[in-house]
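Trainee: Quick one: the structure is below, and I'll ask about it shortly.
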Amino acid sequence: MTALICFEAAARNGSFKVAADEMNVTASAISHQIKLLERDLGCMLFNRRHRGVELTERGAFLLVAVRRGFEGITDAIGQLRARPENVDVTLRATTAVSALWLMPRIRSFWKLHPSVSVSQIVSDVVGSDGRSDIAVGYALPEDNGHEWHELFRDRILALGSPDFAARHDVSTLAELAAAPLIHVNHSNALWAGWSEWFAHLGCPAPVAAGFFVNNHMIALQAAEDSVGAVLGWEGLASGLLRSGRLVALMQDSVPSHSAFTMQVHPHASAKARLFADWLAANV
């Protein structure tokens, strides 16, 4: 960790000396940490210049990852500082689940139980969170001591804006494969992309150029803007479908890899369990 902190400071400042002044150590101490890191990784991270240092291609790759990690730590610390101790229910969900499915239900719950305080942890990072009483989303049950409740099973549909549907008028899988598609790069192994979707329906993978994003909400927004067709989980996108902002482009669908579930932490309070029971009854 010390070496990574020294690396980030040197990379940000373009100088071992400036990084040393910032960290109140000697430039040789920074240089020593960087050399240890380079030796451990088996590659050069900096090109040493007369007036400073420049990142190599691999150094730039590492810097992106280190900054992402530090930003995640900073975000977690901020949430801990900002979270009041008297919160009754803490929920965890991804950005899409929170915006499209969970928030409307929280509003309805508050109308009935205005005295119950609710906090949300919105994160697209895969994995459980020890600070949450309830986690909601697509997941396979794990042996983690939590109570697991299946809320519903879902279908994955090809969706597009009404304008996109009118312009492309796709009626076959081959026509859809040749149309502009929006792809979501996702680290979750349960995520289904266009290649898996077409393969499940016995059709070759699409070869046309597409639009790539790493966030499902942005992908849905791009679809609303008629950038291309997008894969949507029917239950999650139900509000968009009811409003007509997106439409199903064809009848073909693929079952979701996992059910839409709710996890309840074993130490959840009585008010958290009140919310969990209400949510299960108001799917």
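Quick note on naming: the chains in the structure tokens go A, B, ... in the order shown, residues restart at 1 in each chain, and ligands are numbered from 1 in order of appearance.
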Taking only residues of range 84-107 of chain A that have an atom at most 12 Å from an atom of range 258-281 of chain A, what is each one's shortest atom pair and its distance in Å to one decimal, using only C-alpha atoms, in chain and number order, as a Markdown table?
Mentor:
| residue | atom | partner | partner_atom | distance |
| --- | --- | --- | --- | --- |
| A:Asn86 | CA | A:Ser269 | CA | 11.8 |
| A:Val87 | CA | A:Ala272 | CA | 9.8 |
| A:Asp88 | CA | A:Lys271 | CA | 6.2 |
| A:Val89 | CA | A:Ala272 | CA | 4.9 |
| A:Thr90 | CA | A:Ala272 | CA | 7.7 |
| A:Leu91 | CA | A:Ala272 | CA | 9.1 |
| A:Arg92 | CA | A:Gln263 | CA | 9.5 |
| A:Ala93 | CA | A:Met262 | CA | 9.9 |
| A:Val97 | CA | A:Phe260 | CA | 10.0 |
| A:Trp101 | CA | A:Phe260 | CA | 10.9 |
| A:Leu102 | CA | A:Leu279 | CA | 9.2 |
| A:Met103 | CA | A:Leu279 | CA | 11.4 |
| A:Pro104 | CA | A:Leu279 | CA | 11.1 |
| A:Arg105 | CA | A:Leu279 | CA | 7.5 |
| A:Ile106 | CA | A:Leu279 | CA | 8.7 |
| A:Arg107 | CA | A:Leu279 | CA | 11.6 |
Trainee: Next, the residues of the selection above should be written as a CSV table (one decimal), in the first residue's frame with all heavy atoms.
Mentor:
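The file below, part35.csv, is the result:
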chain,number,residue,atom,x,y,z
A,86,ASN,N,-29.0,6.9,13.6
A,86,ASN,CA,-30.4,6.5,13.9
A,86,ASN,C,-31.2,6.0,12.7
A,86,ASN,O,-32.4,6.0,12.7
A,86,ASN,CB,-31.1,7.6,14.6
A,86,ASN,CG,-31.2,8.8,13.6
A,86,ASN,OD1,-30.5,8.9,12.6
A,86,ASN,ND2,-32.1,9.8,14.0
A,87,VAL,N,-30.5,5.6,11.6
A,87,VAL,CA,-31.2,5.0,10.5
A,87,VAL,C,-31.8,3.7,10.8
A,87,VAL,O,-31.1,2.8,11.4
A,87,VAL,CB,-30.2,4.9,9.3
A,87,VAL,CG1,-30.8,4.1,8.2
A,87,VAL,CG2,-29.8,6.3,8.7
A,88,ASP,N,-33.0,3.5,10.5
A,88,ASP,CA,-33.7,2.2,10.8
A,88,ASP,C,-33.5,1.1,9.8
A,88,ASP,O,-33.4,0.0,10.2
A,88,ASP,CB,-35.2,2.5,10.9
A,88,ASP,CG,-35.6,3.5,12.0
A,88,ASP,OD1,-35.1,3.3,13.1
A,88,ASP,OD2,-36.4,4.3,11.8
A,89,VAL,N,-33.4,1.5,8.5
A,89,VAL,CA,-33.3,0.5,7.4
A,89,VAL,C,-32.2,1.0,6.5
A,89,VAL,O,-32.3,2.1,6.0
A,89,VAL,CB,-34.6,0.3,6.7
A,89,VAL,CG1,-34.4,-0.9,5.7
A,89,VAL,CG2,-35.7,0.1,7.6
A,90,THR,N,-31.2,0.1,6.2
A,90,THR,CA,-30.2,0.4,5.2
A,90,THR,C,-30.3,-0.6,4.0
A,90,THR,O,-30.2,-1.8,4.2
A,90,THR,CB,-28.8,0.4,5.8
A,90,THR,OG1,-28.7,1.3,6.9
A,90,THR,CG2,-27.7,0.7,4.7
A,91,LEU,N,-30.5,0.0,2.8
A,91,LEU,CA,-30.8,-0.8,1.6
A,91,LEU,C,-29.6,-0.8,0.7
A,91,LEU,O,-28.9,0.3,0.6
A,91,LEU,CB,-32.0,-0.4,0.9
A,91,LEU,CG,-33.3,-0.2,1.7
A,91,LEU,CD1,-34.4,0.5,0.9
A,91,LEU,CD2,-33.8,-1.6,2.2
A,92,ARG,N,-29.3,-1.8,0.0
A,92,ARG,CA,-28.2,-1.9,-1.0
A,92,ARG,C,-28.8,-2.3,-2.3
A,92,ARG,O,-29.6,-3.3,-2.4
A,92,ARG,CB,-27.1,-2.8,-0.6
A,92,ARG,CG,-26.0,-2.9,-1.6
A,92,ARG,CD,-24.9,-3.9,-1.2
A,92,ARG,NE,-23.9,-4.1,-2.2
A,92,ARG,CZ,-22.8,-3.3,-2.3
A,92,ARG,NH1,-22.6,-2.4,-1.4
A,92,ARG,NH2,-21.9,-3.5,-3.3
A,93,ALA,N,-28.5,-1.6,-3.4
A,93,ALA,CA,-29.0,-1.9,-4.7
A,93,ALA,C,-28.0,-1.3,-5.7
A,93,ALA,O,-27.3,-0.3,-5.4
A,93,ALA,CB,-30.4,-1.4,-4.9
A,97,VAL,N,-31.3,-0.7,-10.4
A,97,VAL,CA,-32.4,-1.3,-9.5
A,97,VAL,C,-32.9,-0.2,-8.6
A,97,VAL,O,-34.1,-0.1,-8.4
A,97,VAL,CB,-31.8,-2.4,-8.7
A,97,VAL,CG1,-32.8,-2.8,-7.6
A,97,VAL,CG2,-31.5,-3.6,-9.6
A,101,TRP,N,-36.6,0.6,-9.9
A,101,TRP,CA,-37.5,-0.3,-9.2
A,101,TRP,C,-37.7,0.0,-7.7
A,101,TRP,O,-38.8,0.0,-7.2
A,101,TRP,CB,-37.0,-1.8,-9.3
A,101,TRP,CG,-38.0,-2.8,-8.9
A,101,TRP,CD1,-38.9,-3.4,-9.7
A,101,TRP,CD2,-38.1,-3.4,-7.6
A,101,TRP,NE1,-39.7,-4.3,-9.0
A,101,TRP,CE2,-39.2,-4.3,-7.7
A,101,TRP,CE3,-37.5,-3.2,-6.4
A,101,TRP,CZ2,-39.6,-5.1,-6.6
A,101,TRP,CZ3,-37.9,-4.0,-5.3
A,101,TRP,CH2,-38.9,-4.9,-5.4
A,102,LEU,N,-36.6,0.3,-7.1
A,102,LEU,CA,-36.7,0.5,-5.6
A,102,LEU,C,-37.2,1.8,-5.1
A,102,LEU,O,-38.0,1.9,-4.2
A,102,LEU,CB,-35.3,0.2,-5.0
A,102,LEU,CG,-35.2,0.1,-3.5
A,102,LEU,CD1,-36.1,-0.9,-2.9
A,102,LEU,CD2,-33.7,-0.1,-3.1
A,103,MET,N,-36.8,2.9,-5.7
A,103,MET,CA,-37.2,4.2,-5.3
A,103,MET,C,-38.7,4.4,-5.3
A,103,MET,O,-39.3,5.0,-4.3
A,103,MET,CB,-36.5,5.3,-6.1
A,103,MET,CG,-35.1,5.7,-5.6
A,103,MET,SD,-35.0,6.1,-3.9
A,103,MET,CE,-36.1,7.5,-3.8
A,104,PRO,N,-39.4,4.0,-6.4
A,104,PRO,CA,-40.9,4.2,-6.3
A,104,PRO,C,-41.5,3.4,-5.1
A,104,PRO,O,-42.5,3.9,-4.6
A,104,PRO,CB,-41.3,3.6,-7.7
A,104,PRO,CG,-40.1,3.7,-8.5
A,104,PRO,CD,-39.0,3.5,-7.6
A,105,ARG,N,-41.0,2.3,-4.8
A,105,ARG,CA,-41.5,1.5,-3.6
A,105,ARG,C,-41.1,2.2,-2.3
A,105,ARG,O,-41.9,2.1,-1.3
A,105,ARG,CB,-41.0,0.1,-3.8
A,105,ARG,CG,-41.7,-0.7,-4.9
A,105,ARG,CD,-41.0,-1.9,-5.3
A,105,ARG,NE,-41.9,-2.6,-6.3
A,105,ARG,CZ,-41.9,-2.2,-7.6
A,105,ARG,NH1,-41.1,-1.2,-8.1
A,105,ARG,NH2,-42.7,-2.9,-8.5
A,106,ILE,N,-40.0,2.8,-2.2
A,106,ILE,CA,-39.6,3.5,-1.0
A,106,ILE,C,-40.6,4.6,-0.7
A,106,ILE,O,-41.1,4.8,0.4
A,106,ILE,CB,-38.2,4.0,-1.0
A,106,ILE,CG1,-37.2,2.8,-1.0
A,106,ILE,CG2,-37.9,4.9,0.1
A,106,ILE,CD1,-35.7,3.2,-1.1
A,107,ARG,N,-40.9,5.3,-1.8
A,107,ARG,CA,-41.9,6.4,-1.7
A,107,ARG,C,-43.2,5.9,-1.1
A,107,ARG,O,-43.9,6.5,-0.3
A,107,ARG,CB,-42.1,7.2,-3.0
A,107,ARG,CG,-40.9,8.0,-3.4
A,107,ARG,CD,-41.2,8.9,-4.5
A,107,ARG,NE,-41.5,8.2,-5.8
A,107,ARG,CZ,-40.7,7.9,-6.7
A,107,ARG,NH1,-39.4,8.3,-6.5
A,107,ARG,NH2,-41.0,7.3,-7.8
Trainee: Apply DSSP to the backbone of this structure and, from range 1-152 of chain A, keep only the residues in strand (DSSP E); write these as a list in words.
Mentor: Phe46, Asn47, Arg48, Arg49, Gly52, Val53, Glu54, Leu55, Val89, Thr90, Leu91, Arg92, Ala93, Val118, Ser119, Gln120, Ile121, Val122, Ile134, Ala135, Val136, Gly137, Tyr138, Glu147, Trp148, His149, Glu150, Leu151 and Phe152 of chain A
Trainee: Report as a count of residues only all protein, DNA and RNA residues lying within 8 Å of Leu220 in chain A, evaluated on only C-alpha atoms, omitting residues in the same chain fewer than 4 positions from it.
Mentor: 4
Trainee: Name the residues in contact with Gln33 in chain A at a cut-off of 9 Å, using only C-alpha atoms, excluding same-chain residues fewer than 4 positions from it; report them as a PyMOL selection string.
Mentor: chain A and resi 2-4+6-7+28-29+37-38
Trainee: Could you check the closest approach to Leu181 in chain A for each of A:Val247, A:Ala166, A:Ala65, A:Ala208 and tell me which residue wins, using only C-alpha atoms?
Mentor: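 Ranked by minimum distance to Leu181 in chain A, first place goes to A:Ala208.
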Trainee: Could you pull the residues within 8 Å of Thr94 in chain A, counting only C-alpha atoms, minus those fewer than 4 positions along the same chain, as JSON, numbers by chain?
Mentor: {"A": [98, 122, 123, 124, 125, 137]}
Trainee: Save the residues we just selected, C-alpha atoms, as a short mmCIF file (atom, residue, chain, number, x, y, z; two decimals), in the first residue's frame?
Mentor:
data_model
loop_
_atom_site.label_atom_id
_atom_site.label_comp_id
_atom_site.auth_asym_id
_atom_site.auth_seq_id
_atom_site.Cartn_x
_atom_site.Cartn_y
_atom_site.Cartn_z
CA SER A 98 -32.49 1.76 -7.23
CA VAL A 122 -26.18 2.59 -4.28
CA SER A 123 -23.30 0.65 -5.79
CA ASP A 124 -22.66 -1.29 -9.00
CA VAL A 125 -19.80 -3.21 -7.37
CA GLY A 137 -31.29 -7.21 -7.15
#
Trainee: Figure out the distance between CA of Lys17 in chain A and CA of Ile30 in chain A, please, to one decimal in Å.
Mentor: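 Pair CA of Ile30 in chain A / CA of Lys17 in chain A returns 8.0 Å.
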Trainee: Residues within 10 Å of Ala248 in chain A, please, as a list in words. Count only C-alpha atoms; anything in the same chain fewer than 2 positions from it doesn't count.
Mentor: Leu157, Ala158, Leu159, Gly160, Ser161, Pro162, Ala165, Ala229, Val230, Leu231, Gly232, Glu234, Leu241, Gly244, Leu246, Met250, Gln251, Asp252 and Ser253 of chain A
Trainee: If you run DSSP over the backbone, which residues in range 32-241 of chain A end up alpha helix (DSSP H)? Put them as a ChimeraX atom specification.
Mentor: /A:32-41,57-82,95-97,103-112,162-168,173-177,194-200,216-224,238-241
Trainee: Please provide as a PyMOL selection string all residues within 10 Å of Phe16 in chain A, with the sequence filter that same-chain residues fewer than 3 positions apart are discarded (counting only C-alpha atoms).
Mentor: chain A and resi 6-7+9-11+13+19-22+26-31+34+48+52-53
Trainee: Atoms to include: N, CA and C atoms. Write the selected residues as a compact mmCIF listing (two decimals), in the first residue's frame.
Mentor:
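result-v6.txt, written as the output of this step:
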# COMPACT_ATOMS: atom_id res chain seq x y z
N CYS A 6 2.86 6.04 -2.90
CA CYS A 6 3.99 6.78 -3.48
C CYS A 6 3.86 6.85 -5.00
N PHE A 7 3.46 5.74 -5.61
CA PHE A 7 3.28 5.71 -7.07
C PHE A 7 2.24 6.73 -7.51
N ALA A 9 1.21 9.46 -6.01
CA ALA A 9 1.68 10.83 -5.81
C ALA A 9 2.71 11.22 -6.88
N ALA A 10 3.62 10.31 -7.20
CA ALA A 10 4.63 10.59 -8.22
C ALA A 10 4.00 10.74 -9.60
N ALA A 11 3.01 9.89 -9.89
CA ALA A 11 2.34 9.95 -11.19
C ALA A 11 1.53 11.24 -11.33
N ASN A 13 2.04 14.09 -9.81
CA ASN A 13 2.89 15.27 -9.84
C ASN A 13 3.94 15.26 -10.93
N ALA A 19 6.51 14.68 -5.17
CA ALA A 19 5.78 13.68 -4.40
C ALA A 19 6.38 13.52 -3.00
N ALA A 20 7.71 13.56 -2.92
CA ALA A 20 8.39 13.45 -1.62
C ALA A 20 8.04 14.63 -0.72
N ASP A 21 8.04 15.85 -1.30
CA ASP A 21 7.68 17.04 -0.51
C ASP A 21 6.24 16.93 0.00
N GLU A 22 5.36 16.42 -0.85
CA GLU A 22 3.95 16.28 -0.48
C GLU A 22 3.79 15.29 0.67
N THR A 26 11.92 11.79 1.79
CA THR A 26 12.95 12.14 0.83
C THR A 26 12.61 11.60 -0.55
N ALA A 27 13.19 12.23 -1.58
CA ALA A 27 12.97 11.76 -2.94
C ALA A 27 13.52 10.35 -3.12
N SER A 28 14.60 10.04 -2.43
CA SER A 28 15.17 8.69 -2.55
C SER A 28 14.22 7.65 -1.96
N ALA A 29 13.45 8.03 -0.93
CA ALA A 29 12.48 7.08 -0.35
C ALA A 29 11.37 6.80 -1.35
N ILE A 30 10.90 7.84 -2.06
CA ILE A 30 9.90 7.63 -3.11
C ILE A 30 10.46 6.74 -4.20
N SER A 31 11.68 7.05 -4.64
CA SER A 31 12.32 6.26 -5.71
C SER A 31 12.46 4.80 -5.29
N ILE A 34 9.10 3.03 -5.53
CA ILE A 34 8.72 2.79 -6.93
C ILE A 34 9.52 1.63 -7.50
N ARG A 48 12.25 7.74 -16.61
CA ARG A 48 12.93 8.78 -15.84
C ARG A 48 13.49 9.82 -16.80
N GLY A 52 12.00 15.31 -14.53
CA GLY A 52 10.87 14.65 -13.90
C GLY A 52 10.69 13.24 -14.42
N VAL A 53 9.49 12.71 -14.27
CA VAL A 53 9.20 11.35 -14.72
C VAL A 53 7.92 11.35 -15.53
Trainee: Which is closer to Thr172 in chain A than all the others in A:Val213, A:Leu249, A:Ala192, A:Ala237, using only C-alpha atoms?
Mentor: A:Leu249
